[in-house]
Amino acid sequence: MDNVKTGVLVKQLRKEKEMTQKQLADLLHITDRAVSKWERGVCAPDIALLEPLAEILGVSIVELIQGERAEQSGELEAGAKEIIRYSRSEVARKVRGVQKKYLAIAALCFAAIALICGVLLWKSGRLFVLDEVVSSNGESRAVVYSKEMLGSIFPIKDGISIVVDLEDGGTWWDNTYEDCVYKGLWWSPDGRTYVLALDYGDTTWLTTSNPYTLAGSNLSARLSMGLEETELNKYGCGNSPDSPKLEYQFLQWGTDSASMLIYYSFEDSTGERHTGYFWYNCETWTVDGILEMDGR
């Protein structure tokens, strides 16, 4: 990141929005002195402020870092609700006009219909949808479920499963991931590859999948391997057992659908924390453009 270029861009966009430094600072819950330092190129925005700052100024995170502008199942649920509404009206009518035994029969019918609806909803998976992510070109859609899958069946066991609707009308099932928490899924601009983030305790794991070539990789491991060939190797960063524990966060795809912006953090052997950003190319498996920030 070029602090001066980023500062110039922040100042330009702020003035275009007809905002003062204090108004921008208030929106970010910081001091106007911090905004002034950015615009003078003294320092760069903290990682936690990049996303809200980009949203306020109407640009992407990548544009902020580069310092310049860049070109850039409901039917089933409705049917079930309609059946339930009809059953309630039937029960109410029979309560007013028939004896208790008919009311009991009506209640049993209602329970049976509710059970059938529940089974249908369970089978469809709509009860377990965590997220639906459509690619930017609209040709691919990934649905994330909170249950493991056996074929197209959802058993009781929890897990993270992904089903992808392909542009040719086909369907692709990703692996089921157990004992983890879903954090996010991001399609590349060409709609061919996605990055999946999962939390395993205190560790975030990143993976890439291409449903069209059936290719996938452990992105976290690839990132660590790529860092072995960079200046961060002086801290022992890499994929060996003796390397410091590296934490990664996916930030954004590049426009070429191969590069991605990654945030990293780790503690070296002296206990000092290191954080920063770098670009990773998932086709060449290489890391470049490392920006190391002050330890926090």
# chains A, B, ... in the order shown; residues from 1 in each chain; ligands from 1

call {"tool": "residues_around", "arguments": {"residues": "Ile30 of chain A", "least_positions_apart": "6", "cutoff": "10 Å", "atoms": "only C-alpha atoms", "output": "list in words"}}
result
Lys22, Leu24 and Leu49 of chain A

call {"tool": "residues_around", "arguments": {"residues": "Gln249 of chain A", "least_positions_apart": "6", "cutoff": "7 Å", "atoms": "only C-alpha atoms", "output": "list in words"}}
result
Ile262, Tyr263 and Tyr264 of chain A

call {"tool": "atom_distance", "arguments": {"atom1": "atom CA of Trp285 of chain A", "atom2": "atom CA of Asn218 of chain A"}}
result
11.6 Å

call {"tool": "residues_around", "arguments": {"residues": "segment 169-182 of chain A", "least_positions_apart": "5", "cutoff": "8 Å", "atoms": "only C-alpha atoms", "output": "tab-separated table (two decimals) with all heavy atoms, in the first residue's frame"}}
result
chain	number	residue	atom	x	y	z
A	148	GLU	N	-25.11	-32.10	7.33
A	148	GLU	CA	-24.36	-32.90	6.38
A	148	GLU	C	-25.34	-33.51	5.38
A	148	GLU	O	-26.54	-33.57	5.63
A	148	GLU	CB	-23.57	-34.00	7.08
A	148	GLU	CG	-24.42	-35.13	7.61
A	148	GLU	CD	-23.60	-36.30	8.12
A	148	GLU	OE1	-22.41	-36.11	8.46
A	148	GLU	OE2	-24.15	-37.41	8.18
A	149	MET	N	-24.85	-33.94	4.22
A	149	MET	CA	-25.72	-34.48	3.18
A	149	MET	C	-25.28	-35.89	2.82
A	149	MET	O	-24.09	-36.19	2.75
A	149	MET	CB	-25.67	-33.59	1.93
A	149	MET	CG	-26.21	-32.20	2.15
A	149	MET	SD	-26.36	-31.27	0.60
A	149	MET	CE	-27.68	-32.17	-0.22
A	158	ASP	N	-25.26	-32.53	12.27
A	158	ASP	CA	-24.88	-31.19	11.84
A	158	ASP	C	-23.58	-31.23	11.03
A	158	ASP	O	-22.74	-32.12	11.19
A	158	ASP	CB	-24.68	-30.27	13.05
A	158	ASP	CG	-25.98	-29.95	13.75
A	158	ASP	OD1	-27.03	-30.04	13.09
A	158	ASP	OD2	-25.95	-29.60	14.95
A	159	GLY	N	-23.41	-30.22	10.21
A	159	GLY	CA	-22.22	-30.08	9.38
A	159	GLY	C	-22.44	-28.95	8.39
A	159	GLY	O	-23.56	-28.45	8.26
A	160	ILE	N	-21.39	-28.54	7.70
A	160	ILE	CA	-21.51	-27.51	6.68
A	160	ILE	C	-21.43	-28.17	5.31
A	160	ILE	O	-20.42	-28.79	4.97
A	160	ILE	CB	-20.40	-26.45	6.81
A	160	ILE	CG1	-20.45	-25.81	8.20
A	160	ILE	CG2	-20.56	-25.39	5.72
A	160	ILE	CD1	-21.74	-25.09	8.52
A	161	SER	N	-22.51	-28.07	4.54
A	161	SER	CA	-22.57	-28.65	3.20
A	161	SER	C	-22.86	-27.55	2.18
A	161	SER	O	-23.61	-26.62	2.47
A	161	SER	CB	-23.64	-29.73	3.11
A	161	SER	OG	-23.42	-30.75	4.06
A	162	ILE	N	-22.28	-27.68	1.01
A	162	ILE	CA	-22.49	-26.69	-0.06
A	162	ILE	C	-22.99	-27.41	-1.31
A	162	ILE	O	-22.41	-28.42	-1.72
A	162	ILE	CB	-21.19	-25.92	-0.39
A	162	ILE	CG1	-20.73	-25.10	0.81
A	162	ILE	CG2	-21.41	-24.99	-1.56
A	162	ILE	CD1	-19.62	-25.70	1.57
A	163	VAL	N	-24.08	-26.90	-1.86
A	163	VAL	CA	-24.63	-27.40	-3.12
A	163	VAL	C	-24.57	-26.26	-4.13
A	163	VAL	O	-25.02	-25.15	-3.84
A	163	VAL	CB	-26.08	-27.90	-2.96
A	163	VAL	CG1	-26.63	-28.37	-4.30
A	163	VAL	CG2	-26.14	-29.01	-1.93
A	164	VAL	N	-24.01	-26.54	-5.30
A	164	VAL	CA	-23.80	-25.50	-6.31
A	164	VAL	C	-24.65	-25.79	-7.53
A	164	VAL	O	-24.59	-26.89	-8.10
A	164	VAL	CB	-22.31	-25.39	-6.71
A	164	VAL	CG1	-22.13	-24.30	-7.76
A	164	VAL	CG2	-21.45	-25.12	-5.49
A	197	ALA	N	-14.68	-19.96	3.84
A	197	ALA	CA	-14.02	-19.73	5.13
A	197	ALA	C	-14.80	-20.43	6.23
A	197	ALA	O	-16.02	-20.25	6.36
A	197	ALA	CB	-13.92	-18.24	5.42
A	198	LEU	N	-14.11	-21.23	7.04
A	198	LEU	CA	-14.72	-21.97	8.15
A	198	LEU	C	-13.88	-21.77	9.40
A	198	LEU	O	-12.65	-21.71	9.32
A	198	LEU	CB	-14.78	-23.47	7.83
A	198	LEU	CG	-15.57	-23.87	6.58
A	198	LEU	CD1	-15.32	-25.35	6.27
A	198	LEU	CD2	-17.06	-23.61	6.75
A	199	ASP	N	-14.54	-21.66	10.55
A	199	ASP	CA	-13.84	-21.52	11.82
A	199	ASP	C	-13.79	-22.86	12.54
A	199	ASP	O	-14.84	-23.48	12.77
A	199	ASP	CB	-14.54	-20.49	12.72
A	199	ASP	CG	-13.93	-19.11	12.56
A	199	ASP	OD1	-13.03	-18.94	11.71
A	199	ASP	OD2	-14.38	-18.20	13.28
A	200	TYR	N	-12.59	-23.31	12.88
A	200	TYR	CA	-12.39	-24.50	13.68
A	200	TYR	C	-11.81	-24.06	15.02
A	200	TYR	O	-10.60	-23.89	15.15
A	200	TYR	CB	-11.45	-25.48	12.99
A	200	TYR	CG	-12.06	-26.18	11.80
A	200	TYR	CD1	-12.00	-25.61	10.54
A	200	TYR	CD2	-12.70	-27.40	11.95
A	200	TYR	CE1	-12.55	-26.26	9.44
A	200	TYR	CE2	-13.26	-28.05	10.86
A	200	TYR	CZ	-13.18	-27.48	9.61
A	200	TYR	OH	-13.74	-28.11	8.53
A	201	GLY	N	-12.65	-23.81	16.01
A	201	GLY	CA	-12.17	-23.31	17.29
A	201	GLY	C	-11.62	-21.92	17.13
A	201	GLY	O	-12.32	-20.99	16.73
A	211	PRO	N	-16.25	-25.92	-9.11
A	211	PRO	CA	-17.20	-26.99	-9.44
A	211	PRO	C	-17.14	-27.41	-10.91
A	211	PRO	O	-17.61	-28.49	-11.24
A	211	PRO	CB	-18.57	-26.35	-9.12
A	211	PRO	CG	-18.26	-25.21	-8.21
A	211	PRO	CD	-16.91	-24.71	-8.64

call {"tool": "select_by_dssp", "arguments": {"residues": "segment 191-237 of chain A", "states": "alpha helix (DSSP H)", "output": "list in words"}}
result
Leu219, Ser220, Ala221, Arg222, Leu223, Ser224, Met225, Gly226 and Leu227 of chain A

call {"tool": "residues_around", "arguments": {"residues": "Thr230 of chain A", "least_positions_apart": "2", "cutoff": "10 Å", "atoms": "only C-alpha atoms", "output": "list in words"}}
result
Met225, Gly226, Leu227, Glu228, Leu232, Asn233, Lys234, Cys237, Gly238, Thr286, Val287, Asp288, Gly289 and Ile290 of chain A
